[in-house]
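Each remark here refers to the structure printed beneath this line.
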Amino acid sequence: MFSNELRSEHRGDDDLLTAGLGLAGLRSMAPPAFADAAAPTVDELRRRALWGSWRGIADLVPGGGYGELFGTLAPVPGREYSAYARLPGASQPHRVLAQVPDNFDTGKRCVLVAPASGSRGIYGAVSVAAAWGLPRGCAVVYTDKGAGSDYFDLDAQVGVRANGMVGKLGEAADLAFVPDAPMNASGVAFKHAHSQDNPEADWGRHVKQAAEYALLALDQAYPQAAPFTFDNTRIIAVGISNGGGAVLRAAELEGDWLDAVVAGEPSVLSDGPGNRALYDYATEAALLMPCAQLHMADLPQPPLTAALQAGAAVRCATLAAEGVIGGATPAAQARSAYELMLGKGWTDAGLRAGALSTGFDLWRAIAATYASAYGRYGVGEHPCGFGFAAQNPDFSPRAASAIERAAWIADGGGIPPGAGVGLLDSKVQLPDLTYPGLKCLRALWDGQGEDARRVRAGIEQTRAGLPRAGLPVMVVHGTDDGLIPPAFSSAPYVAAAKAAGREVNYWQVRHVQHFDAFLGLPDYGARYLPLLPYVYAALDRVQERLDKGTPLPADAVIETVPRVGKSLTMENLAMPK
């Protein structure tokens with residue numbers, strides 16, 4: 001089940017939580033440097049991975065409240081244990097990594113199991129779980145849930161090793177991901193898109209397997225107190241975004257191995273009323289949202305620049321010519337797209353916050369990757385011709401450099417573009433450059449043919465069941481989420497669970513969108529509040545529920561107050577009593 005185990009100690013100026021960077025180091029705009037950019041050390045890679053993982057999720061800017069109103073970055077000394085874990089039937093492993101603090105209380109055994117959000121690497125949930133659990137003496141265990149930043153260079157036949165350094169196929173025996181690829185394949189492969197495992201279908205099992213690894217790590221850390229078992233150790237699962245979806249999938253697994261669940265802004269497909277699959281609304285948004293947002297005033301800035309608005313006007317014209325929307329003028333077409341999206345369940349708040357995903361072309365990147373994963377397509381098999389590679393300034397593919405490869409484990413966010421790897425779209429053509437590829441991606445949802453059936457079958461394998469009876473579950477979601485709209489994800493899940501009599505409670509938080517990390521941008525900080533303090537508060541509540549039998553808090557729509565340029569206060573957060 002577990003292989004390629006590694007152990008390390010982290011004390012002094014190299015702690016578990018920030019690798020010694022602290023708040024000042026994490027706030028630095030430049031990542032921690034490598035002494036040799038082409039051959040960074042294991043410690044350098046770890047420090048940089050933690051830097052990127054923190055900055056990718058949390059708002060750490062002055063006045064944002066982190067470390068003052070909520071959360072902590074105080075050093076936590078301890079040990080780390082990591083391994084590859086493999087599910088029965090899976091062709092590729094997922095990474096698991098357990099952090100055991102020196103203040104772990106063997107008399108009050110607790111573990112937080114935290115799947116990474118998005119397609120992030122193994123430290124992707126450090127700001128979600130470790131900042132709450134490690135200072136309290138809980139161990140924390142992560143899984144990349146079959147995604148992560150273990151990229152593979154098809155040209156050089158080089159991949160990422162267990163310790164994060166790179167190695168060549170045939171020379172290194174511990175590569176984390178080796179794709180099944182044609183001999184002449186070029187570019188970059190990565191686990192989420194090319195494992196051919198449809199990892200999302202197994203995200204719940206990844207979470208449980210990570211928890212099992214934590215127990216083994218604790219046996220090694222405290223042999224005098226062994227064995228650590230599900231019967232004598234408290235297990236709380238916590239995650240955000242598709243990490244939130246993963247812990248909800250874990251909640252449905254049989255047995256009483258899991259004691260509580262906290263899911264923030266979960267990407268989850270359920271049987272509840274109004275449910276929609278991520279692939280459905282992501283491809284819809286990729287096509288319609290740029291045009292619809294032209295109808296809206298006062299969109300947050302950046303990133304909707306004049307160039308992007310011009311491209312959106314071209315999209316409006318394309319959609320009108322295809323008969324998807326009406327209108328003879330750009331303004332009328334934008335209004336038609338806007339009304340169409342409202343009719344499909346989108347809200348003004350979600351469309352406004354979705355400006356980020358439009359501006360960064362995130363919808364297309366998500367759709368291309370998830371189509372490959374759901375259909376279990378290998379390298380070079382994408383039904384819409386998408387691929388991944390390092391790119392020249394004109395976006396043409398090129399071979400990755402040794403310096404780029406060396407930093408993949410630390411800098412990769414999981415889904416390209418990023419870390420020197422770009423998205424290749426073979427269907428790009430004028431006048432609407434990305435429309436042909438997006439139309440193909442959409443047809444995999446609502447079209448006919450073998451590829452569409454194959455992708456839809458993969459999506460169906462990700463459908464969540466009900467949480468286990470008696471399991472306390474708290475779901476927290478921002479009402480302004482423009483990436484994972486609650487109306488399509490958390491609200492249907494909660495409704496179905498409650499209808500079945502499950503112990504699921506739901507906080508909906510006003511003025512919270514999907515990305516805390518962007519609250520450092522002045523316009524976003526003035527409009528929106530962070531999600532993380534509510535996730536931490538939900539962890540407090542489930543801990544009280546487990547310790548004292550205190551009922552979970554009542555469902556609430558939390559009426560927050562934007563800070564509008566001021567430092568965040570508890571009055572802004574309006575935390576439920």
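Scheme for the structure tokens: letters A, B, ... for chains in order shown; per-chain residue numbers from 1; ligand numbers from 1 in order shown.
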Query - Selection: 12 Å around stretch 451-462 of chain A, only C-alpha atoms, excl. self and same-chain fewer than 5 positions, as a PyMOL selection string - result: chain A and resi 196-205+242+245-246+248-250+267-271+276-280+367-377+381-384+440-446
Requested in this report: For A:Ala176, work out the shell of residues within 7 Å, counting only C-alpha atoms and skipping chain neighbours fewer than 5 positions away, then give it as a VMD selection string.
Outcome: chain A and resid 150 160 to 162
Limited to C-alpha atoms, could you put the picked residues into a file as a CSV table (one decimal), in the first residue's frame?
```csv
chain,number,residue,atom,x,y,z
A,150,ASP,CA,4.7,15.5,-10.2
A,160,VAL,CA,10.0,14.1,-10.1
A,161,ARG,CA,11.4,11.7,-7.4
A,162,ALA,CA,10.0,10.9,-4.0
```
Requested in this report: Taking the DSSP assignment computed from this structure's backbone, write out as number ranges by chain all residues of stretch 245-355 of chain A that belong to strand (DSSP E or B).
Outcome: A: 260-264
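Contact shell of A:Lys108 at 10 Å (only C-alpha atoms; same-chain neighbours under 6 positions omitted): A:Gly137, A:Cys138, A:Asn232, A:Thr233, A:Arg234.
Between atom CA of A:Pro75 and atom CA of A:Ala129 lies a distance of 14.9 Å.
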Query raised in the report: Contacts of stretch 525-535 of chain A at 6 Å or less, counting only C-alpha atoms, minus same-chain residues fewer than 5 places along, as a ChimeraX atom specification?
Result: /A:70,511-512,516,519-520,562-565
Please write the residues from the selection above to a file, keeping N, CA and C atoms, as a PDB file, in the first residue's frame.
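Result went into selection.pdb, see below:
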```
ATOM      1  N   PHE A  70      -7.175  35.497  13.260  1.00  0.00           N
ATOM      2  CA  PHE A  70      -7.355  34.059  13.051  1.00  0.00           C
ATOM      3  C   PHE A  70      -6.053  33.487  12.524  1.00  0.00           C
ATOM      4  N   HIS A 511     -20.300  37.970   1.074  1.00  0.00           N
ATOM      5  CA  HIS A 511     -19.089  38.704   0.668  1.00  0.00           C
ATOM      6  C   HIS A 511     -17.834  37.836   0.729  1.00  0.00           C
ATOM      7  N   VAL A 512     -17.994  36.541   0.523  1.00  0.00           N
ATOM      8  CA  VAL A 512     -16.840  35.643   0.416  1.00  0.00           C
ATOM      9  C   VAL A 512     -16.886  34.968  -0.946  1.00  0.00           C
ATOM     10  N   ASP A 516      -9.108  33.341  -1.366  1.00  0.00           N
ATOM     11  CA  ASP A 516      -8.553  34.219  -0.333  1.00  0.00           C
ATOM     12  C   ASP A 516      -7.249  34.861  -0.790  1.00  0.00           C
ATOM     13  N   LEU A 519      -7.150  38.457  -2.088  1.00  0.00           N
ATOM     14  CA  LEU A 519      -7.645  39.575  -1.286  1.00  0.00           C
ATOM     15  C   LEU A 519      -6.565  40.621  -1.048  1.00  0.00           C
ATOM     16  N   GLY A 520      -5.316  40.296  -1.367  1.00  0.00           N
ATOM     17  CA  GLY A 520      -4.265  41.305  -1.307  1.00  0.00           C
ATOM     18  C   GLY A 520      -4.390  42.351  -2.392  1.00  0.00           C
ATOM     19  N   PRO A 562     -18.075  44.175   4.541  1.00  0.00           N
ATOM     20  CA  PRO A 562     -16.786  44.397   3.866  1.00  0.00           C
ATOM     21  C   PRO A 562     -15.959  45.464   4.579  1.00  0.00           C
ATOM     22  N   ARG A 563     -14.644  45.314   4.514  1.00  0.00           N
ATOM     23  CA  ARG A 563     -13.775  46.227   5.257  1.00  0.00           C
ATOM     24  C   ARG A 563     -13.513  47.534   4.520  1.00  0.00           C
ATOM     25  N   VAL A 564     -13.698  47.556   3.188  1.00  0.00           N
ATOM     26  CA  VAL A 564     -13.586  48.765   2.360  1.00  0.00           C
ATOM     27  C   VAL A 564     -12.283  49.516   2.653  1.00  0.00           C
ATOM     28  N   GLY A 565     -11.185  48.853   2.444  1.00  0.00           N
ATOM     29  CA  GLY A 565      -9.892  49.512   2.542  1.00  0.00           C
ATOM     30  C   GLY A 565      -9.292  49.564   3.927  1.00  0.00           C
TER      31      GLY A 565
END
```
Requested in this report: Can you pull out every residue within 12 Å of A:Gly133, counting only C-alpha atoms, but drop anything in the same chain fewer than 2 positions away, and send it as a count of residues only?
Outcome: 40
**Report entry** Expected answer as a PyMOL selection string: helix (DSSP H, G or I) residues in stretch 472-540 of chain A
**Finding:** chain A and resi 490-499+516-520+522-527+532-540
Grab the residues selected above and save them as an mmCIF file, in the first residue's frame with C-alpha atoms.
```
data_model
loop_
_atom_site.group_PDB
_atom_site.id
_atom_site.type_symbol
_atom_site.label_atom_id
_atom_site.label_comp_id
_atom_site.auth_asym_id
_atom_site.auth_seq_id
_atom_site.Cartn_x
_atom_site.Cartn_y
_atom_site.Cartn_z
ATOM 1 C CA SER A 490 -22.784 22.654 -1.500
ATOM 2 C CA ALA A 491 -26.458 23.644 -1.334
ATOM 3 C CA PRO A 492 -27.713 20.527 -3.184
ATOM 4 C CA TYR A 493 -25.399 18.304 -1.145
ATOM 5 C CA VAL A 494 -26.605 19.740 2.170
ATOM 6 C CA ALA A 495 -30.257 19.523 1.096
ATOM 7 C CA ALA A 496 -29.907 15.849 0.166
ATOM 8 C CA ALA A 497 -28.062 15.024 3.386
ATOM 9 C CA LYS A 498 -30.589 16.808 5.582
ATOM 10 C CA ALA A 499 -33.486 15.160 3.793
ATOM 11 C CA ASP A 516 -8.553 34.219 -0.333
ATOM 12 C CA ALA A 517 -5.120 34.622 -1.926
ATOM 13 C CA PHE A 518 -6.379 37.447 -4.164
ATOM 14 C CA LEU A 519 -7.645 39.575 -1.286
ATOM 15 C CA GLY A 520 -4.265 41.305 -1.307
ATOM 16 C CA PRO A 522 -6.956 46.336 -3.216
ATOM 17 C CA ASP A 523 -10.235 46.047 -5.102
ATOM 18 C CA TYR A 524 -10.782 42.458 -3.975
ATOM 19 C CA GLY A 525 -9.828 43.246 -0.391
ATOM 20 C CA ALA A 526 -12.374 46.071 -0.339
ATOM 21 C CA ARG A 527 -15.169 43.863 -1.651
ATOM 22 C CA LEU A 532 -10.308 30.540 6.123
ATOM 23 C CA PRO A 533 -11.470 32.027 9.448
ATOM 24 C CA TYR A 534 -14.841 30.320 8.991
ATOM 25 C CA VAL A 535 -13.150 26.998 8.222
ATOM 26 C CA TYR A 536 -11.097 27.336 11.405
ATOM 27 C CA ALA A 537 -14.239 28.255 13.369
ATOM 28 C CA ALA A 538 -16.028 25.212 11.940
ATOM 29 C CA LEU A 539 -13.115 23.041 13.117
ATOM 30 C CA ASP A 540 -13.532 24.582 16.584
#
```
Report task. Rounded to one decimal place, report the atom CA of A:Gln92-atom CA of A:Pro416 distance in Å. Result ->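 The value is 19.6 Å.
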Query raised in the report: Hey, what's within 9 Å of A:Tyr151 if we count only C-alpha atoms and toss same-chain stuff fewer than 4 positions away? As a list of chain:residue names, please?
Result: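 The filter keeps A:Val158, A:Gly159, A:Val160, A:Ala176, A:Phe177, A:Val178, A:Val188, A:Ala189, A:Phe190, A:Lys191, A:Arg405, A:Trp408, A:Ile409, A:Gly412, A:Gly414.
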Report task. Would you mind telling me which residue in A:Ile325, A:Leu430, A:Ala116, A:Ala419 lies nearest to A:Val247 when using only C-alpha atoms? Result ->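 Closest residue, counting only C-alpha atoms: A:Ala116.
Atom CA of A:Ala390 sits 11.1 Å away from atom CA of A:Leu154.
If only C-alpha atoms are the atoms counted, then among A:Gly67, A:Gly385, A:Pro40, A:Gly255 the closest residue to A:Gly22 is A:Gly67.
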Query raised in the report: Restricting the calculation to only C-alpha atoms, which member of A:Cys291, A:Thr560, A:Pro300, A:Val542 is positioned closest to A:Gly327?
Result: A:Cys291
**Report entry** Nearest residue to A:Ala320 from the set A:Gln333, A:Ser82, A:Ser241, A:Gln429 (distances using only C-alpha atoms)
**Finding:**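 Of A:Gln333, A:Ser82, A:Ser241, A:Gln429, the one nearest A:Ala320, counting only C-alpha atoms, is A:Gln333.
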Report task. Find the residues around A:Glu9 up to 8 Å (only C-alpha atoms counted), leave out those fewer than 5 positions away in its own chain, and share them as an NGL selection string. Result -> :A and (78-80)
